[in-house]
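Q: Dumping the structure here so I can ask a few things about it.
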Amino acid sequence: MPISSAKIIAFALLLASAAPAPAPARATYQRGLPTDPGSTSVSRYGKITFNSSSNGNVTRATFNNPPINLVDAFVVSDLFDFLHSLQPAPNKTTPKVVVFDSANPDWFLGHYDLHNIELPFTQTKADVFNQVIDCTRYILNTTSTAFIAEINGRTIGLGQELSIQMDMRFAGPNALASSFEDSLGLTAAAGGQPFLGPVIGKARAMEYLLAAKAFDGPTGERLGLFNTYYPTAEKLRSEVSALAERIALFPQHSINDTKVTLSLLNPTIASLDDQLARFIPLMYLPEDQATIAKFIEVSGNQTDSKFELGLPESSVQAVRDGVYL
Amino acid sequence: MPISSAKIIAFALLLASAAPAPAPARATYQRGLPTDPGSTSVSRYGKITFNSSSNGNVTRATFNNPPINLVDAFVVSDLFDFLHSLQPAPNKTTPKVVVFDSANPDWFLGHYDLHNIELPFTQTKADVFNQVIDCTRYILNTTSTAFIAEINGRTIGLGQELSIQMDMRFAGPNALASSFEDSLGLTAAAGGQPFLGPVIGKARAMEYLLAAKAFDGPTGERLGLFNTYYPTAEKLRSEVSALAERIALFPQHSINDTKVTLSLLNPTIASLDDQLARFIPLMYLPEDQATIAKFIEVSGNQTDSKFELGLPESSVQAVRDGVYL
Amino acid sequence: MPISSAKIIAFALLLASAAPAPAPARATYQRGLPTDPGSTSVSRYGKITFNSSSNGNVTRATFNNPPINLVDAFVVSDLFDFLHSLQPAPNKTTPKVVVFDSANPDWFLGHYDLHNIELPFTQTKADVFNQVIDCTRYILNTTSTAFIAEINGRTIGLGQELSIQMDMRFAGPNALASSFEDSLGLTAAAGGQPFLGPVIGKARAMEYLLAAKAFDGPTGERLGLFNTYYPTAEKLRSEVSALAERIALFPQHSINDTKVTLSLLNPTIASLDDQLARFIPLMYLPEDQATIAKFIEVSGNQTDSKFELGLPESSVQAVRDGVYL
């Protein structure tokens, strides 16, 4: 398990605040790709299903965690295993394009299971947290596969953070994207903030992050969050499939070179680590812990409640009404 | 009074060209925030008026320097004092959001009082110049408050430079923004050029800066200069107020973290200093001094003349007609 | 002839693969501007014609290499000489603005003459290749002249790479721009990829590069590739001329300062060298050499064939139909 400096801070805080938890194994963070991905059990929890086309060159990875595609420990584990399996190695074939979509017409990906940042921050929670960070690092590092998010439903919180780090995003009529963490006294700390800035510009990123606003499809297309907005789910799917198959026609060495060049536009790993390090103390604030507990309560424990379906506005209203504190 | 390397160059040139002026006090530039802002007299010259709402979490700061909101020494001093008062310190409360607007329906903010860059460049002029630079550094450095420019009128020259460095800009029907300095043989040296580039892209920044063009509201919205354009002054004001109050609902520590992360997209202080250092020699060119003198004359000494109201086109026409040289 | 590290790699590979070729002269790459441009024979092959206006402050440089404005050794040589002549030197006058256009209504600029990257990679081919790289370095380095591409026709492959590195691009009804190199197993290695990313954003650059798609005028304007799209050739020409003449009104020292500041948004020379270094091995792949040979064949040796006129779709279709391999 690779560990970054931000994670070490997390562990240090964990040890200070939750004495009974076992000391975590120490390791140094491995930059770049693992040397031997080996054979990986993919989707052991069944939270992602796969369909391959174009002779294995295109894979559809479909999120499926009813009822709201909450990004819980099982989704994180399945995503981690899948991304791990995509790392290149000698004599190994990987798809040229992966399209992420969802089995749920209302949700592309939900937010993080907030139980995982409730204190005490146990070793189990730290492991899940580290897998999330590693997922974003794998998406960053894998230049042999192009990642497309086909979004037709809500993509909220950590879901939005993962989407914004993919290579391309296309939206359908039900698309609704929001990093609403500021309304909880938190921030989009798994890379969501530094990746959004260059996509829609600093001023609009300020507006959408500071005010916990949501993008619908047409707005997201206009501001550059989505490459294209399509008015029907069918058109969205057929156009994204056609694009994926077109990209998959070409040699993987060209995809790889283009991705390496454009990935220079990503935020640096150091800046991502810095953001994460600033997030950890927020998570430990008593008022933020109180907000998290109240959020879990009013959302019916993060299920398909009116509150979850109403995000981000329901969370903003909760602040306005003094519900959280 | 902190001094940057660019300022030292300015002073060196000053000493070489204007022997009678007293030698300025030397100091080293303090990066970051002043350690003890203390109590500051705010708006001692009455050029900015303040209204507070949302329990002090939102402040409206209204520029008011008739007839054309010229950014003269008094406006600069009041702005400097106000920004100074926003610096965080232990046990001190500062607003979460500041909205800058104007009491003048035709002008948000005018250009710099050009008398202040006429030779000889006295100590008094150098002091004002340094306050301008410090204002842009304070705006950059203050991450505990979000800055919104509510623009319904002209924002020209230094006015445009200050606007472009705020976190968000919203425009009404009378909005007109221009960095017209290239038409004078000068450039937008207080950060206006390096901040515009990432906002509207290099190619369009080239067009608008090199050709001294102006943005109206709809064009500015389309190119990303304004977050949103509203067709009436009332709608502009109500929507900006609603946004400010929504942001002010959330904890200041979230605002702070989001602003720190997105501020990484700002130009570096070194690049801002470099641009300033390149500007100083232009200011000392005899032909540019002649242009400045002529500008002051044909603008009726920078008052509500047809020339000022016609900027930037009136300045371009003056070049075309050979008025300046 | 200046030589970068990427070029040295190219030469090393050349020597390994093509023993009979003479060893090239070694030199170190000169960063920045040549110290003495001297008098340069401009357009010795007649591939670019020139018209001057506004007292020599505006030059129209018109590409003319029938039938498809292929960027062959002659076009490269003429472009290199012209750009060389624009380098500033004491007591030398250079235009403030250069507008590049085309004598061919169907083509602004075509792709590189692929014979020049067919193996064996002779000294002659290496010389042309190095002139291409030097052209992009000169365009980057010359801050005393503003470069405008007036595009009304196809700009494909290397043509698109040169366009994207100019300061501004304006498009007419026949404009069609594409970096289609990924369809050949290659990439836009002369700076085309790293310059496109900041212009249209990473996600859309991924889409257009990975899928070898083309921009028409309205799409290019919407995504920021073109500053403005004009629906007629006449309007395009008159508006670009008016812009060029307006810019040329102002002092060259302002143009120079604005260009220096905005050029900080360019990719670093190191990143351009890195991309070039990654490209060289692709060029030597047997399958890419086979594709290049087949491309030359099916395009009727790069003439005004249906294949050339149908780019980039004809090349994508050739991959789909298994024509290349």
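Residue numbering restarts at 1 for every chain of the structure tokens, chains are lettered A, B, ... in their displayed order, and ligands are numbered from 1 as they appear.
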Can you pull out every residue within 7 Å of Phe226 (chain B), counting only C-alpha atoms, but drop anything in the same chain fewer than 6 positions away, and send it as a list in words?
A: Arg169, Phe170, Ala171 and Gly220 of chain B
Q: Save out the residues we just selected, all heavy atoms, as an mmCIF file, in the first residue's frame.
A:
```
data_model
loop_
_atom_site.group_PDB
_atom_site.id
_atom_site.type_symbol
_atom_site.label_atom_id
_atom_site.label_comp_id
_atom_site.auth_asym_id
_atom_site.auth_seq_id
_atom_site.Cartn_x
_atom_site.Cartn_y
_atom_site.Cartn_z
ATOM 1 N N ARG B 169 -16.239 38.051 -11.609
ATOM 2 C CA ARG B 169 -16.739 39.290 -12.204
ATOM 3 C C ARG B 169 -18.105 39.014 -12.828
ATOM 4 O O ARG B 169 -18.264 38.064 -13.596
ATOM 5 C CB ARG B 169 -15.807 39.787 -13.321
ATOM 6 C CG ARG B 169 -14.498 40.392 -12.865
ATOM 7 C CD ARG B 169 -13.438 40.373 -13.948
ATOM 8 N NE ARG B 169 -13.099 38.994 -14.316
ATOM 9 C CZ ARG B 169 -12.383 38.176 -13.562
ATOM 10 N NH1 ARG B 169 -11.875 38.580 -12.422
ATOM 11 N NH2 ARG B 169 -12.149 36.926 -13.948
ATOM 12 N N PHE B 170 -19.067 39.860 -12.489
ATOM 13 C CA PHE B 170 -20.403 39.777 -13.093
ATOM 14 C C PHE B 170 -20.695 41.120 -13.748
ATOM 15 O O PHE B 170 -20.254 42.158 -13.242
ATOM 16 C CB PHE B 170 -21.445 39.436 -12.031
ATOM 17 C CG PHE B 170 -21.254 38.061 -11.463
ATOM 18 C CD1 PHE B 170 -20.353 37.840 -10.424
ATOM 19 C CD2 PHE B 170 -21.939 36.977 -12.010
ATOM 20 C CE1 PHE B 170 -20.145 36.553 -9.923
ATOM 21 C CE2 PHE B 170 -21.727 35.690 -11.518
ATOM 22 C CZ PHE B 170 -20.828 35.483 -10.469
ATOM 23 N N ALA B 171 -21.429 41.086 -14.859
ATOM 24 C CA ALA B 171 -21.589 42.305 -15.660
ATOM 25 C C ALA B 171 -23.042 42.639 -15.907
ATOM 26 O O ALA B 171 -23.891 41.750 -16.063
ATOM 27 C CB ALA B 171 -20.871 42.139 -17.002
ATOM 28 N N GLY B 220 -17.983 39.600 -23.084
ATOM 29 C CA GLY B 220 -17.179 39.209 -21.928
ATOM 30 C C GLY B 220 -17.664 37.912 -21.307
ATOM 31 O O GLY B 220 -16.862 37.071 -20.893
#
```
Q: Would you mind listing, as a VMD selection string, all residues of chain B that have at least one atom within 7 Å of chain A, where only C-alpha atoms are what counts?
A: chain B and resid 167 to 168 199 227 243 246 to 247 249 to 251 253 to 255 258 261 to 262
Q: Filtering to N, CA, C and O atoms, could you give me those residues as a PDB file, in the first residue's frame?
A:
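And here is the file that came out, part.pdb:
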```
ATOM      1  N   ASP B 167     -11.855  37.515  -7.654  1.00  0.00           N
ATOM      2  CA  ASP B 167     -12.167  36.096  -7.838  1.00  0.00           C
ATOM      3  C   ASP B 167     -13.235  35.858  -8.895  1.00  0.00           C
ATOM      4  O   ASP B 167     -13.205  34.845  -9.596  1.00  0.00           O
ATOM      5  N   MET B 168     -14.196  36.777  -8.968  1.00  0.00           N
ATOM      6  CA  MET B 168     -15.312  36.628  -9.911  1.00  0.00           C
ATOM      7  C   MET B 168     -15.722  38.003 -10.399  1.00  0.00           C
ATOM      8  O   MET B 168     -15.591  38.977  -9.675  1.00  0.00           O
ATOM      9  N   VAL B 199      -7.623  33.773 -18.310  1.00  0.00           N
ATOM     10  CA  VAL B 199      -9.075  33.913 -18.221  1.00  0.00           C
ATOM     11  C   VAL B 199      -9.738  33.741 -19.592  1.00  0.00           C
ATOM     12  O   VAL B 199     -10.737  33.025 -19.723  1.00  0.00           O
ATOM     13  N   ASN B 227     -18.334  36.071 -15.310  1.00  0.00           N
ATOM     14  CA  ASN B 227     -18.993  34.792 -15.015  1.00  0.00           C
ATOM     15  C   ASN B 227     -20.362  34.748 -15.677  1.00  0.00           C
ATOM     16  O   ASN B 227     -20.730  33.746 -16.296  1.00  0.00           O
ATOM     17  N   LEU B 243     -25.716  35.357  -4.607  1.00  0.00           N
ATOM     18  CA  LEU B 243     -24.511  34.515  -4.643  1.00  0.00           C
ATOM     19  C   LEU B 243     -23.627  34.783  -3.427  1.00  0.00           C
ATOM     20  O   LEU B 243     -23.145  33.846  -2.769  1.00  0.00           O
ATOM     21  N   ARG B 246     -25.087  33.304  -0.362  1.00  0.00           N
ATOM     22  CA  ARG B 246     -24.968  31.834  -0.378  1.00  0.00           C
ATOM     23  C   ARG B 246     -23.558  31.391   0.015  1.00  0.00           C
ATOM     24  O   ARG B 246     -23.389  30.480   0.833  1.00  0.00           O
ATOM     25  N   ILE B 247     -22.552  32.046  -0.550  1.00  0.00           N
ATOM     26  CA  ILE B 247     -21.173  31.711  -0.180  1.00  0.00           C
ATOM     27  C   ILE B 247     -20.952  31.956   1.315  1.00  0.00           C
ATOM     28  O   ILE B 247     -20.309  31.160   2.000  1.00  0.00           O
ATOM     29  N   LEU B 249     -22.843  31.636   3.703  1.00  0.00           N
ATOM     30  CA  LEU B 249     -23.452  30.640   4.596  1.00  0.00           C
ATOM     31  C   LEU B 249     -22.418  29.656   5.131  1.00  0.00           C
ATOM     32  O   LEU B 249     -22.582  29.096   6.217  1.00  0.00           O
ATOM     33  N   PHE B 250     -21.374  29.413   4.350  1.00  0.00           N
ATOM     34  CA  PHE B 250     -20.498  28.275   4.637  1.00  0.00           C
ATOM     35  C   PHE B 250     -19.315  28.721   5.495  1.00  0.00           C
ATOM     36  O   PHE B 250     -18.969  29.891   5.538  1.00  0.00           O
ATOM     37  N   PRO B 251     -18.666  27.767   6.160  1.00  0.00           N
ATOM     38  CA  PRO B 251     -17.560  28.123   7.053  1.00  0.00           C
ATOM     39  C   PRO B 251     -16.402  28.800   6.320  1.00  0.00           C
ATOM     40  O   PRO B 251     -16.065  28.431   5.184  1.00  0.00           O
ATOM     41  N   HIS B 253     -13.361  28.461   6.858  1.00  0.00           N
ATOM     42  CA  HIS B 253     -12.221  27.576   6.568  1.00  0.00           C
ATOM     43  C   HIS B 253     -12.367  26.857   5.228  1.00  0.00           C
ATOM     44  O   HIS B 253     -11.373  26.517   4.607  1.00  0.00           O
ATOM     45  N   SER B 254     -13.613  26.632   4.771  1.00  0.00           N
ATOM     46  CA  SER B 254     -13.788  26.054   3.427  1.00  0.00           C
ATOM     47  C   SER B 254     -13.466  27.079   2.353  1.00  0.00           C
ATOM     48  O   SER B 254     -12.802  26.771   1.351  1.00  0.00           O
ATOM     49  N   ILE B 255     -13.970  28.317   2.524  1.00  0.00           N
ATOM     50  CA  ILE B 255     -13.650  29.385   1.568  1.00  0.00           C
ATOM     51  C   ILE B 255     -12.135  29.507   1.440  1.00  0.00           C
ATOM     52  O   ILE B 255     -11.577  29.575   0.344  1.00  0.00           O
ATOM     53  N   THR B 258     -10.535  26.518  -0.509  1.00  0.00           N
ATOM     54  CA  THR B 258     -10.850  26.574  -1.945  1.00  0.00           C
ATOM     55  C   THR B 258     -10.059  27.696  -2.613  1.00  0.00           C
ATOM     56  O   THR B 258      -9.509  27.523  -3.711  1.00  0.00           O
ATOM     57  N   THR B 261      -6.366  26.735  -3.045  1.00  0.00           N
ATOM     58  CA  THR B 261      -6.163  25.783  -4.144  1.00  0.00           C
ATOM     59  C   THR B 261      -6.269  26.467  -5.503  1.00  0.00           C
ATOM     60  O   THR B 261      -5.412  26.280  -6.375  1.00  0.00           O
ATOM     61  N   LEU B 262      -7.302  27.275  -5.686  1.00  0.00           N
ATOM     62  CA  LEU B 262      -7.488  27.901  -7.000  1.00  0.00           C
ATOM     63  C   LEU B 262      -6.488  29.031  -7.253  1.00  0.00           C
ATOM     64  O   LEU B 262      -6.202  29.363  -8.403  1.00  0.00           O
TER      65      LEU B 262
END
```
Q: So that I can check the surroundings of Gln252 (chain B), please list as a PyMOL selection string every protein, DNA and RNA residue that reaches within 7 Å of it, counting only C-alpha atoms and ignoring chain neighbours fewer than 3 positions away.
A: chain B and resi 96+144+255-256
Q: Any chance you can output those residues with N, CA, C and O atoms as a PDB file, in the first residue's frame?
A:
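Printed below is out_16.pdb as written:
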```pdb
ATOM      1  N   LYS B  96     -16.693  37.273   4.875  1.00  0.00           N
ATOM      2  CA  LYS B  96     -16.397  36.129   4.009  1.00  0.00           C
ATOM      3  C   LYS B  96     -16.400  36.537   2.537  1.00  0.00           C
ATOM      4  O   LYS B  96     -15.705  35.936   1.720  1.00  0.00           O
ATOM      5  N   SER B 144      -8.998  34.461   2.871  1.00  0.00           N
ATOM      6  CA  SER B 144     -10.113  34.285   3.811  1.00  0.00           C
ATOM      7  C   SER B 144     -11.373  35.004   3.356  1.00  0.00           C
ATOM      8  O   SER B 144     -12.437  34.824   3.953  1.00  0.00           O
ATOM      9  N   ILE B 255     -13.970  28.317   2.524  1.00  0.00           N
ATOM     10  CA  ILE B 255     -13.650  29.385   1.568  1.00  0.00           C
ATOM     11  C   ILE B 255     -12.135  29.507   1.440  1.00  0.00           C
ATOM     12  O   ILE B 255     -11.577  29.575   0.344  1.00  0.00           O
ATOM     13  N   ASN B 256     -11.471  29.512   2.578  1.00  0.00           N
ATOM     14  CA  ASN B 256     -10.025  29.677   2.609  1.00  0.00           C
ATOM     15  C   ASN B 256      -9.305  28.570   1.841  1.00  0.00           C
ATOM     16  O   ASN B 256      -8.426  28.826   1.014  1.00  0.00           O
TER      17      ASN B 256
END
```
Q: Which polymer residues have any atom within 12 Å of an atom of Gly46 (chain C), counting only C-alpha atoms, with same-chain residues fewer than 4 positions away left out, as a ChimeraX atom specification?
A: /C:41-42,50,61-66,74-79,81-82
Q: Could you give me, as a CSV table (one decimal) with N, CA, C and O atoms, in the first residue's frame, the residues within 12 Å of Phe307 (chain C), counting only C-alpha atoms and dropping anything in the same chain fewer than 2 positions from it?
A:
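Dumped everything to result_32.csv:
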```csv
chain,number,residue,atom,x,y,z
C,68,ILE,N,-2.0,21.6,-53.2
C,68,ILE,CA,-2.6,21.5,-51.9
C,68,ILE,C,-1.8,22.1,-50.8
C,68,ILE,O,-1.9,21.8,-49.6
C,294,LYS,N,1.9,3.7,-47.5
C,294,LYS,CA,0.5,3.5,-48.1
C,294,LYS,C,-0.2,4.9,-48.2
C,294,LYS,O,-1.0,5.1,-49.2
C,295,PHE,N,0.0,5.8,-47.2
C,295,PHE,CA,-0.7,7.1,-47.3
C,295,PHE,C,-0.2,7.8,-48.6
C,295,PHE,O,-1.0,8.4,-49.3
C,296,ILE,N,1.1,7.7,-48.9
C,296,ILE,CA,1.6,8.4,-50.1
C,296,ILE,C,0.9,7.8,-51.3
C,296,ILE,O,0.5,8.5,-52.2
C,297,GLU,N,0.8,6.5,-51.3
C,297,GLU,CA,0.2,5.8,-52.4
C,297,GLU,C,-1.3,6.2,-52.6
C,297,GLU,O,-1.7,6.6,-53.7
C,298,VAL,N,-2.1,6.1,-51.6
C,298,VAL,CA,-3.5,6.3,-51.7
C,298,VAL,C,-3.9,7.8,-51.9
C,298,VAL,O,-5.0,8.1,-52.4
C,299,SER,N,-3.0,8.6,-51.6
C,299,SER,CA,-3.2,10.1,-51.8
C,299,SER,C,-2.8,10.5,-53.1
C,299,SER,O,-2.8,11.7,-53.4
C,300,GLY,N,-2.4,9.6,-54.0
C,300,GLY,CA,-1.9,9.9,-55.3
C,300,GLY,C,-0.6,10.8,-55.2
C,300,GLY,O,-0.4,11.7,-55.9
C,301,ASN,N,0.2,10.3,-54.3
C,301,ASN,CA,1.5,11.0,-54.0
C,301,ASN,C,1.2,12.5,-53.5
C,301,ASN,O,1.8,13.4,-54.0
C,302,GLN,N,0.2,12.6,-52.5
C,302,GLN,CA,0.0,13.9,-51.9
C,302,GLN,C,-0.4,15.0,-52.8
C,302,GLN,O,0.2,16.1,-52.8
C,303,THR,N,-1.4,14.7,-53.7
C,303,THR,CA,-1.8,15.7,-54.6
C,303,THR,C,-3.3,16.0,-54.4
C,303,THR,O,-3.9,15.6,-53.4
C,304,ASP,N,-4.0,16.8,-55.3
C,304,ASP,CA,-5.3,17.1,-55.0
C,304,ASP,C,-6.3,16.0,-55.3
C,304,ASP,O,-7.2,16.1,-56.1
C,305,SER,N,-6.1,14.9,-54.6
C,305,SER,CA,-6.9,13.7,-54.8
C,305,SER,C,-8.1,13.8,-53.8
C,305,SER,O,-8.1,14.6,-52.9
C,309,LEU,N,-8.4,15.7,-50.2
C,309,LEU,CA,-9.5,16.6,-49.9
C,309,LEU,C,-10.4,16.1,-48.8
C,309,LEU,O,-11.1,16.9,-48.2
C,310,GLY,N,-10.4,14.8,-48.6
C,310,GLY,CA,-11.3,14.2,-47.6
C,310,GLY,C,-10.7,14.1,-46.2
C,310,GLY,O,-11.3,13.5,-45.3
C,311,LEU,N,-9.4,14.6,-46.0
C,311,LEU,CA,-8.8,14.5,-44.7
C,311,LEU,C,-9.6,15.3,-43.7
C,311,LEU,O,-10.1,16.3,-44.0
C,312,PRO,N,-9.7,14.9,-42.4
C,312,PRO,CA,-9.1,13.7,-41.8
C,312,PRO,C,-9.9,12.4,-42.0
C,312,PRO,O,-9.4,11.3,-41.7
C,313,GLU,N,-11.2,12.6,-42.5
C,313,GLU,CA,-12.1,11.4,-42.5
C,313,GLU,C,-11.6,10.3,-43.4
C,313,GLU,O,-11.7,9.1,-43.1
C,314,SER,N,-10.9,10.7,-44.5
C,314,SER,CA,-10.4,9.6,-45.4
C,314,SER,C,-9.3,8.8,-44.8
C,314,SER,O,-9.2,7.6,-45.0
C,315,SER,N,-8.5,9.4,-43.9
C,315,SER,CA,-7.5,8.6,-43.2
C,315,SER,C,-8.1,7.7,-42.2
C,315,SER,O,-7.7,6.6,-42.0
C,316,VAL,N,-9.1,8.2,-41.5
C,316,VAL,CA,-9.8,7.3,-40.5
C,316,VAL,C,-10.4,6.2,-41.2
C,316,VAL,O,-10.4,5.0,-40.7
C,317,GLN,N,-11.1,6.5,-42.3
C,317,GLN,CA,-11.7,5.4,-43.1
C,317,GLN,C,-10.7,4.4,-43.6
C,317,GLN,O,-10.9,3.1,-43.6
C,318,ALA,N,-9.5,4.8,-43.9
C,318,ALA,CA,-8.4,3.9,-44.4
C,318,ALA,C,-8.0,3.0,-43.3
C,318,ALA,O,-7.8,1.8,-43.5
```
Q: Per DSSP on the backbone, filter region 234-321 of chain B down to the residues in alpha helix (DSSP H) and report them as a ChimeraX atom specification.
A: /B:234-248,252-263,269-283,286-298,306-309,313-320
Q: Please list as a PyMOL selection string every residue within 9 Å of Tyr112 (chain A), counting only C-alpha atoms and excluding residues in the same chain fewer than 5 positions away.
A: chain A and resi 70-73+117+156-159
Q: Could the residues in this selection be saved with C-alpha atoms as a PDB file, in the first residue's frame?
A:
```
ATOM      1  CA  LEU A  70     -22.798   5.824  -3.133  1.00  0.00           C
ATOM      2  CA  VAL A  71     -19.020   5.599  -3.334  1.00  0.00           C
ATOM      3  CA  ASP A  72     -18.615   3.246  -0.409  1.00  0.00           C
ATOM      4  CA  ALA A  73     -15.765   0.909   0.472  1.00  0.00           C
ATOM      5  CA  ILE A 117     -14.618  10.123   7.510  1.00  0.00           C
ATOM      6  CA  ILE A 156     -21.840  14.523  -6.768  1.00  0.00           C
ATOM      7  CA  GLY A 157     -18.996  14.982  -4.315  1.00  0.00           C
ATOM      8  CA  LEU A 158     -16.391  12.243  -4.776  1.00  0.00           C
ATOM      9  CA  GLY A 159     -18.274  11.148  -7.903  1.00  0.00           C
TER      10      GLY A 159
END
```
